[in-house]
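Undergrad: Quick one: the structure is below, and I'll ask about it shortly.
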Amino acid sequence: MYAAVDLGSNSFRLHIGKHDGDAIRVLKSVREPIRLAAGLDAKGNLTEAAMQSALACLRNFQAVLAAHKFDPRLDAVRVVATSTLRVARNGAAFLPAAEQAIGYPIEIISGEEEGRLIYMGVASTLTDPSERRLVIDIGGGSTEIILGQGPEIERVESFSIGTVKQSLSFFVGGRIDAVSFEAAILSARSHFEDAAPPYHPQFWKQAYGSSGTIRAIADIIAKNNLGDGKLSAAGLDALKLRFIAFGQVARIDMPGLRPDRASTIIGGLAILIALVRELDIEVMQPVEAGLRMGVMWDLYLRSMQRDRREESVVALARKFHVDDERAGRVAALAGAMYAQLKPAGDGCAKLLRWSALLHEMGMVVSQTGYHKHAAYMIENADLPGFTTREQRIMGKMILAQKGNLRKVADSLADPDFAKAVLALRVAILLMHARIDADADELKLRMKNRIDLEIRREWVGSHPTVSYWIEKEQEWWDEVGIDFSVRSVA
């Protein structure tokens with residue numbers, strides 16, 4: 001079983017599902033309408049009330065997960081946060097309390113990663129493996145558009161426009177009129193117009209809407225016999241006119257629309273009308289799958305050793321002409337030494353391996369300061385499968401591969417990160433000195449200090465080894481860590 005928690009801008013949701021043949025069957029689902037995006041103040045900070053509401057919800061989710069925690073069938077839990085926590089100025093400060101409340105790490109994912117997971121969830125429910133499709137997800141804080149064929153994604157983009165801000169900005173005080181609606185639609189179109197051409201109908205066969213907002217709009221249109229009863233221009237325009245006729249959000253009373261959703265549905269409708277017009281969509285099919293289903297499938301594939309992150313690293317290394325042999329040697333040696341250092345957890349092990357495989361990618365920019373170029377590229381690249389936090393940690397590891405350690409001094413307070421950096425630096429040192437070493441030929445320990453035992457013959461045969469070891473001692477001493485070296489026969 002797998003659990004996916006989605007900390008969205010409109011709602012927080014929890015799915016617990018079980019892999020069953022070719023599908024993942026949802027066993028339990030919990031939703032709470034937190035409206036986190038509406039809890040951003042004028043400066044872009046989450047208000048105290050919004051944070052307390054979120055924490056209360058996360059504690060409720062923790063209780064649900066705790067009931068399954070010791071169930072041997074629960075293989076993994078993943079908690080992802082989307083647009084609002086991406087943009088909130090105090091999001092990073094809020095994260096520790098949120099993680100404590102739910103009892104699991106929270107991954108703030110990029111818009112592109114959100115789109116990838118959404119598409120994965122949608123594709124898992126569709127049967128045609130060759131169908132070219134467009135998938136659209138309108139959330140509370142962002143909108144994702146994904147183009148793909150079968151299970152493969154060809155293009156994904158995330159736009160910083162969502163139902164909450166659109167509703168608050170154009171339907172002030174809940175007032176709905178024709179002028180406001182057209183202004184909201186025009187504003188939304190301005191977000192999509194430059195990116196629209198690759199998503200026009202000649203590039204896909206069927207368009208799907210995956211978000212709760214789109215499914216709710218489809219349900220309202222069908223239950224009220226609006227337009228042609230479909231997610232089409234006719235159906236959407238008919239719903240728009242019906243909303244205008246009500247005049248106020250508080251007066252909306254329609255089959256298929258819960259009162260608590262009316263205030264954000266109007267903004268979502270404006271965005272959807274804009275997309276239908278801008279992308280020339282004739283009809284869209286709502287689908288009961290999306291981000292949470294994609295997260296559970298991603299967990300399942302990782303358990304089957306089909307980690308999308310590994311594919312991303314291989315593709316990036318190839319793109320930037322990384323020397324596979326050198327990178328492979330460093331990754332193998334760094335991994336072995338890291339295990340020798342006995343880290344407290346396994347959170348850094350894979351990140352260390354991927355950092356080692358990509359540590360020289362910055363050479364495509366310049367031989368000088370290549371570690372800085374590589375760190376920047378890793379932190380800012382679109383890497384499918386990776387979270388923002390993972391890319392940031394890898395960027396710091398790669399930045400710390402050489403030179404002074406003051407630049408990552410704060411991060412070295414994490415013992416496992418410090419051990420990963422040490423393993424990476426020693427592996428690179430040996431590689432540059434052309435020492436073909438196995439990890440069992442040296443001993444490396446790190447507690448309150450670093451102790452390294454190195455073979456005496458290496459020092460004699462490779463003149464630069466002594467120099468670089470002395471430099472290592474200096475650099476670690478600068479950040480308050482003693483580095484002792486002993487040569488042995």
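In the structure tokens, the first chain shown is A, the next is B, and so on; residue numbers restart at 1 for each chain, and ligands run from 1 in the order shown.
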Give me the residues within 10 Å of region 8-14 of chain A as number ranges by chain, counting only C-alpha atoms and dropping any in the same chain fewer than 3 places off.
TA: A: 3-5, 17, 28-39, 54, 57-58, 61, 64-65, 79-85, 139-142, 162-164, 212-213, 261, 264, 291-292
Undergrad: Save out the residues we just selected, C-alpha atoms, as a PDB file, in the first residue's frame.
TA:
ATOM      1  CA  ALA A   3      -0.073   6.870   0.870  1.00  0.00           C
ATOM      2  CA  ALA A   4      -0.011  10.179  -0.985  1.00  0.00           C
ATOM      3  CA  VAL A   5      -0.635  13.504   0.737  1.00  0.00           C
ATOM      4  CA  GLY A  17      -4.058   3.043  -2.221  1.00  0.00           C
ATOM      5  CA  LYS A  28      -9.168   5.573   1.784  1.00  0.00           C
ATOM      6  CA  SER A  29      -9.488   9.229   0.862  1.00  0.00           C
ATOM      7  CA  VAL A  30      -9.603  12.301   3.108  1.00  0.00           C
ATOM      8  CA  ARG A  31     -10.088  15.927   2.026  1.00  0.00           C
ATOM      9  CA  GLU A  32     -10.089  19.160   4.001  1.00  0.00           C
ATOM     10  CA  PRO A  33     -10.764  22.541   2.285  1.00  0.00           C
ATOM     11  CA  ILE A  34      -7.919  24.515   3.882  1.00  0.00           C
ATOM     12  CA  ARG A  35      -7.874  27.336   1.251  1.00  0.00           C
ATOM     13  CA  LEU A  36      -4.171  27.920   1.923  1.00  0.00           C
ATOM     14  CA  ALA A  37      -3.762  30.301  -1.025  1.00  0.00           C
ATOM     15  CA  ALA A  38      -6.388  32.606   0.479  1.00  0.00           C
ATOM     16  CA  GLY A  39      -4.233  32.717   3.608  1.00  0.00           C
ATOM     17  CA  ALA A  54      -3.021  23.801   8.073  1.00  0.00           C
ATOM     18  CA  CYS A  57      -5.400  19.375   9.280  1.00  0.00           C
ATOM     19  CA  LEU A  58      -1.941  17.796   9.167  1.00  0.00           C
ATOM     20  CA  PHE A  61      -3.861  13.291   8.604  1.00  0.00           C
ATOM     21  CA  VAL A  64      -5.051   8.542   9.844  1.00  0.00           C
ATOM     22  CA  LEU A  65      -1.554   7.542   8.751  1.00  0.00           C
ATOM     23  CA  VAL A  79       3.849  14.237   1.209  1.00  0.00           C
ATOM     24  CA  VAL A  80       4.028  16.878  -1.533  1.00  0.00           C
ATOM     25  CA  ALA A  81       3.251  20.589  -1.375  1.00  0.00           C
ATOM     26  CA  THR A  82       2.391  22.663  -4.419  1.00  0.00           C
ATOM     27  CA  SER A  83       1.954  26.274  -5.491  1.00  0.00           C
ATOM     28  CA  THR A  84       1.190  28.161  -2.282  1.00  0.00           C
ATOM     29  CA  LEU A  85       4.083  26.691  -0.308  1.00  0.00           C
ATOM     30  CA  GLY A 139      -5.359  24.232  -8.999  1.00  0.00           C
ATOM     31  CA  GLY A 140      -5.797  26.867  -6.359  1.00  0.00           C
ATOM     32  CA  GLY A 141      -2.469  28.539  -7.069  1.00  0.00           C
ATOM     33  CA  SER A 142      -1.222  27.251 -10.413  1.00  0.00           C
ATOM     34  CA  GLY A 162      -5.042  29.515 -10.010  1.00  0.00           C
ATOM     35  CA  THR A 163      -8.638  29.572  -8.872  1.00  0.00           C
ATOM     36  CA  VAL A 164      -8.095  31.371  -5.561  1.00  0.00           C
ATOM     37  CA  GLY A 212     -11.153  18.771  -8.778  1.00  0.00           C
ATOM     38  CA  THR A 213     -12.111  22.167 -10.164  1.00  0.00           C
ATOM     39  CA  ARG A 261     -16.691  25.490  -3.402  1.00  0.00           C
ATOM     40  CA  THR A 264     -13.282  29.397  -6.028  1.00  0.00           C
ATOM     41  CA  LEU A 291      -1.519  14.344  -8.629  1.00  0.00           C
ATOM     42  CA  ARG A 292      -2.202  11.930  -5.755  1.00  0.00           C
TER      43      ARG A 292
END
Undergrad: Which of region 405-486 of chain A end up as helix (DSSP H, G or I) when DSSP is run on this backbone - answer as a ChimeraX atom specification?
TA: /A:406-408,411-413,415-432,439-441,456-461,464-478
Undergrad: Give me the residues near region 321-326 of chain A as a ChimeraX atom specification, where near means some atom within 12 Å (using only C-alpha atoms) and where sequence neighbours in that chain fewer than 2 positions away do not count.
TA: /A:313-319,328-333,356-365,374,427-432,434-436
Undergrad: How about saving the chosen residues, C-alpha atoms kept, as a JSON list (two decimals), in the first residue's frame?
TA:
[["chain", "number", "residue", "atom", "x", "y", "z"],
["A", 313, "VAL", "CA", 20.46, 12.10, -13.99],
["A", 314, "VAL", "CA", 21.52, 9.87, -16.89],
["A", 315, "ALA", "CA", 19.87, 12.21, -19.40],
["A", 316, "LEU", "CA", 21.49, 15.30, -17.83],
["A", 317, "ALA", "CA", 24.93, 13.68, -17.77],
["A", 318, "ARG", "CA", 24.57, 12.82, -21.44],
["A", 319, "LYS", "CA", 23.34, 16.30, -22.33],
["A", 328, "GLY", "CA", 31.23, 6.33, -12.24],
["A", 329, "ARG", "CA", 34.51, 5.86, -10.36],
["A", 330, "VAL", "CA", 33.78, 8.81, -8.08],
["A", 331, "ALA", "CA", 30.19, 7.66, -7.45],
["A", 332, "ALA", "CA", 31.23, 4.12, -6.57],
["A", 333, "LEU", "CA", 34.04, 5.18, -4.23],
["A", 356, "ALA", "CA", 28.92, 12.31, -7.87],
["A", 357, "LEU", "CA", 27.65, 11.32, -11.31],
["A", 358, "LEU", "CA", 27.03, 14.98, -12.18],
["A", 359, "HIS", "CA", 29.85, 16.68, -10.29],
["A", 360, "GLU", "CA", 31.76, 17.63, -13.46],
["A", 361, "MET", "CA", 28.82, 18.72, -15.59],
["A", 362, "GLY", "CA", 29.78, 22.38, -15.07],
["A", 363, "MET", "CA", 32.87, 21.84, -17.23],
["A", 364, "VAL", "CA", 30.66, 22.36, -20.27],
["A", 365, "VAL", "CA", 30.49, 26.03, -19.17],
["A", 374, "ALA", "CA", 27.28, 22.62, -11.89],
["A", 427, "ALA", "CA", 36.67, 10.23, -3.74],
["A", 428, "ILE", "CA", 37.36, 13.16, -6.08],
["A", 429, "LEU", "CA", 40.79, 13.70, -4.51],
["A", 430, "LEU", "CA", 41.77, 10.08, -5.20],
["A", 431, "MET", "CA", 40.36, 10.23, -8.73],
["A", 432, "HIS", "CA", 42.34, 13.38, -9.58],
["A", 434, "ARG", "CA", 44.88, 8.83, -10.43],
["A", 435, "ILE", "CA", 44.75, 6.42, -7.51],
["A", 436, "ASP", "CA", 42.72, 3.36, -8.43]]
Undergrad: Apply DSSP to the structure's backbone, then extract all residues of region 107-345 of chain A labelled strand (DSSP E or B) and return them as a PyMOL selection string.
TA: chain A and resi 107-108+132-138+143-149+152-159+175+206-209+231-232+248+283-286
Undergrad: Go ahead and save the residues from that selection, with N, CA, C and O atoms, as a tab-separated table (two decimals), in the first residue's frame.
TA:
chain	number	residue	atom	x	y	z
A	107	GLU	N	7.75	17.51	0.79
A	107	GLU	CA	8.50	17.90	-0.40
A	107	GLU	C	7.76	19.01	-1.13
A	107	GLU	O	6.62	18.81	-1.58
A	108	ILE	N	8.37	20.17	-1.23
A	108	ILE	CA	7.78	21.24	-2.04
A	108	ILE	C	8.23	21.00	-3.47
A	108	ILE	O	9.40	21.16	-3.81
A	132	ARG	N	-2.34	10.32	-28.30
A	132	ARG	CA	-1.73	11.62	-28.05
A	132	ARG	C	-2.74	12.46	-27.29
A	132	ARG	O	-3.88	12.62	-27.73
A	133	ARG	N	-2.32	12.99	-26.14
A	133	ARG	CA	-3.30	13.64	-25.27
A	133	ARG	C	-2.77	14.92	-24.64
A	133	ARG	O	-1.57	15.10	-24.45
A	134	LEU	N	-3.73	15.78	-24.33
A	134	LEU	CA	-3.46	17.01	-23.61
A	134	LEU	C	-4.11	16.87	-22.24
A	134	LEU	O	-5.27	16.47	-22.14
A	135	VAL	N	-3.36	17.17	-21.18
A	135	VAL	CA	-3.89	17.10	-19.82
A	135	VAL	C	-3.78	18.48	-19.18
A	135	VAL	O	-2.71	19.11	-19.24
A	136	ILE	N	-4.88	18.93	-18.61
A	136	ILE	CA	-4.91	20.25	-17.96
A	136	ILE	C	-5.36	20.08	-16.51
A	136	ILE	O	-6.31	19.35	-16.22
A	137	ASP	N	-4.66	20.76	-15.60
A	137	ASP	CA	-5.02	20.73	-14.18
A	137	ASP	C	-5.04	22.17	-13.68
A	137	ASP	O	-4.03	22.87	-13.74
A	138	ILE	N	-6.19	22.60	-13.19
A	138	ILE	CA	-6.33	23.96	-12.65
A	138	ILE	C	-6.42	23.86	-11.14
A	138	ILE	O	-7.40	23.35	-10.60
A	143	THR	N	-1.67	26.47	-12.63
A	143	THR	CA	-2.31	25.65	-13.67
A	143	THR	C	-1.22	24.93	-14.44
A	143	THR	O	-0.24	25.56	-14.85
A	144	GLU	N	-1.39	23.62	-14.62
A	144	GLU	CA	-0.41	22.81	-15.35
A	144	GLU	C	-1.01	22.33	-16.67
A	144	GLU	O	-2.17	21.88	-16.70
A	145	ILE	N	-0.21	22.42	-17.73
A	145	ILE	CA	-0.61	21.92	-19.04
A	145	ILE	C	0.45	20.93	-19.49
A	145	ILE	O	1.65	21.24	-19.50
A	146	ILE	N	0.01	19.72	-19.83
A	146	ILE	CA	0.96	18.65	-20.17
A	146	ILE	C	0.54	18.00	-21.49
A	146	ILE	O	-0.63	17.68	-21.68
A	147	LEU	N	1.51	17.82	-22.36
A	147	LEU	CA	1.29	17.14	-23.63
A	147	LEU	C	2.05	15.82	-23.61
A	147	LEU	O	3.22	15.78	-23.19
A	148	GLY	N	1.40	14.74	-24.03
A	148	GLY	CA	2.08	13.46	-24.01
A	148	GLY	C	1.45	12.46	-24.95
A	148	GLY	O	0.41	12.73	-25.57
A	149	GLN	N	2.10	11.33	-25.05
A	149	GLN	CA	1.57	10.21	-25.83
A	149	GLN	C	1.66	8.96	-24.99
A	149	GLN	O	2.75	8.57	-24.56
A	152	GLU	N	4.16	8.53	-21.93
A	152	GLU	CA	5.32	9.41	-22.07
A	152	GLU	C	4.93	10.89	-22.15
A	152	GLU	O	4.05	11.26	-22.93
A	153	ILE	N	5.61	11.71	-21.38
A	153	ILE	CA	5.40	13.16	-21.39
A	153	ILE	C	6.31	13.78	-22.44
A	153	ILE	O	7.50	13.50	-22.49
A	154	GLU	N	5.75	14.63	-23.27
A	154	GLU	CA	6.54	15.32	-24.28
A	154	GLU	C	6.81	16.77	-23.90
A	154	GLU	O	7.84	17.34	-24.25
A	155	ARG	N	5.87	17.37	-23.17
A	155	ARG	CA	6.02	18.78	-22.83
A	155	ARG	C	5.18	19.08	-21.59
A	155	ARG	O	4.05	18.60	-21.48
A	156	VAL	N	5.71	19.84	-20.66
A	156	VAL	CA	4.95	20.21	-19.46
A	156	VAL	C	5.30	21.64	-19.07
A	156	VAL	O	6.47	22.03	-19.10
A	157	GLU	N	4.28	22.41	-18.74
A	157	GLU	CA	4.50	23.78	-18.29
A	157	GLU	C	3.55	24.10	-17.15
A	157	GLU	O	2.41	23.61	-17.11
A	158	SER	N	4.04	24.91	-16.23
A	158	SER	CA	3.24	25.33	-15.09
A	158	SER	C	3.10	26.85	-15.12
A	158	SER	O	4.07	27.57	-15.37
A	159	PHE	N	1.89	27.33	-14.88
A	159	PHE	CA	1.60	28.76	-14.95
A	159	PHE	C	1.09	29.23	-13.58
A	159	PHE	O	0.28	28.56	-12.95
A	175	ARG	N	-19.08	39.49	-5.82
A	175	ARG	CA	-19.95	40.05	-6.86
A	175	ARG	C	-19.59	39.47	-8.21
A	175	ARG	O	-18.42	39.42	-8.59
A	206	GLN	N	-7.07	13.82	-27.77
A	206	GLN	CA	-8.08	14.02	-26.73
A	206	GLN	C	-7.53	14.91	-25.61
A	206	GLN	O	-6.37	14.79	-25.23
A	207	ALA	N	-8.38	15.80	-25.12
A	207	ALA	CA	-8.01	16.67	-24.00
A	207	ALA	C	-8.70	16.18	-22.73
A	207	ALA	O	-9.89	15.83	-22.75
A	208	TYR	N	-7.93	16.16	-21.63
A	208	TYR	CA	-8.45	15.69	-20.35
A	208	TYR	C	-8.27	16.76	-19.28
A	208	TYR	O	-7.26	17.47	-19.26
A	209	GLY	N	-9.23	16.85	-18.38
A	209	GLY	CA	-9.14	17.75	-17.24
A	209	GLY	C	-9.05	16.93	-15.97
A	209	GLY	O	-9.93	16.12	-15.69
A	231	LEU	N	-17.98	19.64	-21.33
A	231	LEU	CA	-16.92	20.62	-21.10
A	231	LEU	C	-16.50	21.16	-22.45
A	231	LEU	O	-15.48	20.79	-23.02
A	232	SER	N	-17.30	22.06	-22.97
A	232	SER	CA	-17.07	22.66	-24.28
A	232	SER	C	-17.31	24.16	-24.15
A	232	SER	O	-17.75	24.65	-23.11
A	248	GLN	N	-24.25	37.12	-7.18
A	248	GLN	CA	-23.45	37.03	-5.97
A	248	GLN	C	-23.10	35.57	-5.69
A	248	GLN	O	-23.94	34.68	-5.89
A	283	VAL	N	-13.75	19.97	-27.01
A	283	VAL	CA	-14.39	19.34	-25.86
A	283	VAL	C	-13.31	18.71	-24.98
A	283	VAL	O	-12.29	18.21	-25.49
A	284	MET	N	-13.52	18.73	-23.68
A	284	MET	CA	-12.57	18.17	-22.73
A	284	MET	C	-13.25	17.08	-21.93
A	284	MET	O	-14.44	17.18	-21.60
A	285	GLN	N	-12.50	16.05	-21.60
A	285	GLN	CA	-13.02	14.93	-20.84
A	285	GLN	C	-12.51	15.00	-19.40
A	285	GLN	O	-11.30	14.96	-19.17
A	286	PRO	N	-13.41	15.11	-18.40
A	286	PRO	CA	-12.93	15.08	-17.01
A	286	PRO	C	-12.48	13.67	-16.65
A	286	PRO	O	-13.06	12.68	-17.12
Undergrad: Just give me the gap between CA of Ala123 (chain A) and CA of His19 (chain A) in Å, one decimal is fine.
TA: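 CA of Ala123 (chain A) sits 15.3 Å away from CA of His19 (chain A).
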Undergrad: Please measure the separation of CA of Ala413 (chain A) and CA of Lys471 (chain A), giving the value in Å to one decimal.
TA: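 Straight-line distance from CA of Ala413 (chain A) to CA of Lys471 (chain A) works out to 21.1 Å.
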Undergrad: Tell me, in Å to one decimal, how far CA of Ala262 (chain A) is from CA of Gly174 (chain A).
TA: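 For CA of Ala262 (chain A) relative to CA of Gly174 (chain A), the distance reads 9.5 Å.
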Undergrad: So that I can check the surroundings of Gln473 (chain A), please list as a ChimeraX atom specification every protein, DNA and RNA residue that reaches within 10 Å of it, counting only C-alpha atoms and ignoring chain neighbours fewer than 4 positions away.
TA: /A:450,468-469,477-478,481-485
Undergrad: Compare A:Gly480, A:Gln202, A:Leu95, A:Met293 by their minimum atom-to-atom distance to Asp6 (chain A), counting only C-alpha atoms, and give me the closest one.
TA: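 When distances to Asp6 (chain A) are compared using only C-alpha atoms, the smallest one comes from A:Met293.
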Undergrad: Could you tell me which of A:Arg215, A:Arg425, A:Arg445, A:Lys419 comes closest to Leu399 (chain A) if we count only C-alpha atoms?
TA: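 Selected residue with least distance to Leu399 (chain A): A:Arg425.
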Undergrad: Using only C-alpha atoms, which residues sit within 7 Å of region 453-456 of chain A once same-chain residues fewer than 5 positions away are excluded, as a list in words?
TA: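 The filter keeps Leu442, Lys443, Leu444, Val485, Arg486, Ser487, Val488 and Ala489 of chain A.
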Undergrad: Next, dump the selected residues to file, keeping only all heavy atoms, as a PDB file, in the first residue's frame.
TA:
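Result file follows (selection_30.pdb):
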ATOM      1  N   LEU A 442      41.250   1.924   2.448  1.00  0.00           N
ATOM      2  CA  LEU A 442      41.440   3.066   3.340  1.00  0.00           C
ATOM      3  C   LEU A 442      40.352   3.041   4.404  1.00  0.00           C
ATOM      4  O   LEU A 442      39.318   2.386   4.251  1.00  0.00           O
ATOM      5  CB  LEU A 442      41.434   4.392   2.572  1.00  0.00           C
ATOM      6  CG  LEU A 442      40.266   4.701   1.618  1.00  0.00           C
ATOM      7  CD1 LEU A 442      39.065   5.224   2.370  1.00  0.00           C
ATOM      8  CD2 LEU A 442      40.701   5.721   0.584  1.00  0.00           C
ATOM      9  N   LYS A 443      40.607   3.731   5.474  1.00  0.00           N
ATOM     10  CA  LYS A 443      39.636   3.813   6.556  1.00  0.00           C
ATOM     11  C   LYS A 443      39.293   5.276   6.798  1.00  0.00           C
ATOM     12  O   LYS A 443      40.181   6.113   6.938  1.00  0.00           O
ATOM     13  CB  LYS A 443      40.190   3.176   7.830  1.00  0.00           C
ATOM     14  CG  LYS A 443      40.319   1.659   7.753  1.00  0.00           C
ATOM     15  CD  LYS A 443      40.789   1.069   9.088  1.00  0.00           C
ATOM     16  CE  LYS A 443      40.898  -0.444   8.996  1.00  0.00           C
ATOM     17  NZ  LYS A 443      41.372  -1.044  10.284  1.00  0.00           N
ATOM     18  N   LEU A 444      37.997   5.537   6.848  1.00  0.00           N
ATOM     19  CA  LEU A 444      37.532   6.906   7.016  1.00  0.00           C
ATOM     20  C   LEU A 444      36.473   6.922   8.122  1.00  0.00           C
ATOM     21  O   LEU A 444      35.502   6.162   8.079  1.00  0.00           O
ATOM     22  CB  LEU A 444      36.933   7.421   5.701  1.00  0.00           C
ATOM     23  CG  LEU A 444      36.532   8.893   5.617  1.00  0.00           C
ATOM     24  CD1 LEU A 444      37.738   9.796   5.837  1.00  0.00           C
ATOM     25  CD2 LEU A 444      35.885   9.192   4.266  1.00  0.00           C
ATOM     26  N   VAL A 485      45.181  12.580   9.635  1.00  0.00           N
ATOM     27  CA  VAL A 485      45.578  11.645   8.568  1.00  0.00           C
ATOM     28  C   VAL A 485      46.743  10.791   9.044  1.00  0.00           C
ATOM     29  O   VAL A 485      47.703  11.292   9.621  1.00  0.00           O
ATOM     30  CB  VAL A 485      45.968  12.388   7.264  1.00  0.00           C
ATOM     31  CG1 VAL A 485      46.332  11.387   6.171  1.00  0.00           C
ATOM     32  CG2 VAL A 485      44.837  13.290   6.796  1.00  0.00           C
ATOM     33  N   ARG A 486      46.612   9.497   8.781  1.00  0.00           N
ATOM     34  CA  ARG A 486      47.689   8.573   9.133  1.00  0.00           C
ATOM     35  C   ARG A 486      47.956   7.662   7.943  1.00  0.00           C
ATOM     36  O   ARG A 486      47.011   7.116   7.361  1.00  0.00           O
ATOM     37  CB  ARG A 486      47.310   7.739  10.351  1.00  0.00           C
ATOM     38  CG  ARG A 486      48.436   6.885  10.897  1.00  0.00           C
ATOM     39  CD  ARG A 486      48.096   6.405  12.305  1.00  0.00           C
ATOM     40  NE  ARG A 486      46.997   5.455  12.306  1.00  0.00           N
ATOM     41  CZ  ARG A 486      47.188   4.117  12.325  1.00  0.00           C
ATOM     42  NH1 ARG A 486      48.415   3.612  12.326  1.00  0.00           N
ATOM     43  NH2 ARG A 486      46.152   3.321  12.351  1.00  0.00           N
ATOM     44  N   SER A 487      49.231   7.539   7.542  1.00  0.00           N
ATOM     45  CA  SER A 487      49.579   6.636   6.444  1.00  0.00           C
ATOM     46  C   SER A 487      49.974   5.294   7.022  1.00  0.00           C
ATOM     47  O   SER A 487      50.672   5.197   8.046  1.00  0.00           O
ATOM     48  CB  SER A 487      50.722   7.220   5.613  1.00  0.00           C
ATOM     49  OG  SER A 487      51.872   7.446   6.419  1.00  0.00           O
ATOM     50  N   VAL A 488      49.519   4.234   6.394  1.00  0.00           N
ATOM     51  CA  VAL A 488      49.783   2.882   6.851  1.00  0.00           C
ATOM     52  C   VAL A 488      50.353   2.059   5.700  1.00  0.00           C
ATOM     53  O   VAL A 488      50.195   2.403   4.524  1.00  0.00           O
ATOM     54  CB  VAL A 488      48.512   2.202   7.395  1.00  0.00           C
ATOM     55  CG1 VAL A 488      47.999   2.930   8.624  1.00  0.00           C
ATOM     56  CG2 VAL A 488      47.443   2.140   6.337  1.00  0.00           C
ATOM     57  N   ALA A 489      51.020   0.961   6.050  1.00  0.00           N
ATOM     58  CA  ALA A 489      51.634   0.120   5.028  1.00  0.00           C
ATOM     59  C   ALA A 489      50.538  -0.592   4.213  1.00  0.00           C
ATOM     60  O   ALA A 489      49.475  -0.897   4.692  1.00  0.00           O
ATOM     61  CB  ALA A 489      52.529  -0.896   5.696  1.00  0.00           C
TER      62      ALA A 489
END
Undergrad: Considering only C-alpha atoms, return as an mmCIF file with N, CA and C atoms, in the first residue's frame whatever protein or nucleic-acid residues lie within 12 Å of Asp194 (chain A), sequence-local ones (same chain, fewer than 3 positions apart) excluded.
TA:
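Result file follows (result.cif):
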data_model
loop_
_atom_site.group_PDB
_atom_site.id
_atom_site.type_symbol
_atom_site.label_atom_id
_atom_site.label_comp_id
_atom_site.auth_asym_id
_atom_site.auth_seq_id
_atom_site.Cartn_x
_atom_site.Cartn_y
_atom_site.Cartn_z
ATOM 1 N N GLU A 157 4.283 22.413 -18.742
ATOM 2 C CA GLU A 157 4.500 23.785 -18.293
ATOM 3 C C GLU A 157 3.551 24.099 -17.151
ATOM 4 N N PHE A 159 1.889 27.326 -14.883
ATOM 5 C CA PHE A 159 1.599 28.756 -14.950
ATOM 6 C C PHE A 159 1.095 29.227 -13.582
ATOM 7 N N ALA A 188 -6.575 35.673 -17.712
ATOM 8 C CA ALA A 188 -6.094 34.290 -17.788
ATOM 9 C C ALA A 188 -5.482 33.998 -19.153
ATOM 10 N N ARG A 189 -6.117 34.468 -20.215
ATOM 11 C CA ARG A 189 -5.580 34.230 -21.568
ATOM 12 C C ARG A 189 -4.190 34.825 -21.724
ATOM 13 N N SER A 190 -3.954 35.955 -21.048
ATOM 14 C CA SER A 190 -2.639 36.600 -21.166
ATOM 15 C C SER A 190 -1.527 35.721 -20.596
ATOM 16 N N HIS A 191 -1.861 34.833 -19.651
ATOM 17 C CA HIS A 191 -0.871 33.920 -19.088
ATOM 18 C C HIS A 191 -0.494 32.817 -20.073
ATOM 19 N N PRO A 197 0.874 27.772 -28.747
ATOM 20 C CA PRO A 197 1.017 27.041 -30.019
ATOM 21 C C PRO A 197 1.367 25.556 -29.926
ATOM 22 N N PRO A 198 2.307 25.110 -29.079
ATOM 23 C CA PRO A 198 2.625 23.672 -29.041
ATOM 24 C C PRO A 198 1.501 22.803 -28.501
ATOM 25 N N TYR A 199 0.458 23.432 -27.940
ATOM 26 C CA TYR A 199 -0.635 22.667 -27.342
ATOM 27 C C TYR A 199 -1.918 22.735 -28.172
ATOM 28 N N GLU A 278 -8.068 29.847 -25.896
ATOM 29 C CA GLU A 278 -6.685 30.048 -26.324
ATOM 30 C C GLU A 278 -6.114 28.812 -27.011
ATOM 31 N N LEU A 279 -6.473 27.628 -26.538
ATOM 32 C CA LEU A 279 -5.941 26.380 -27.113
ATOM 33 C C LEU A 279 -6.880 25.767 -28.135
#
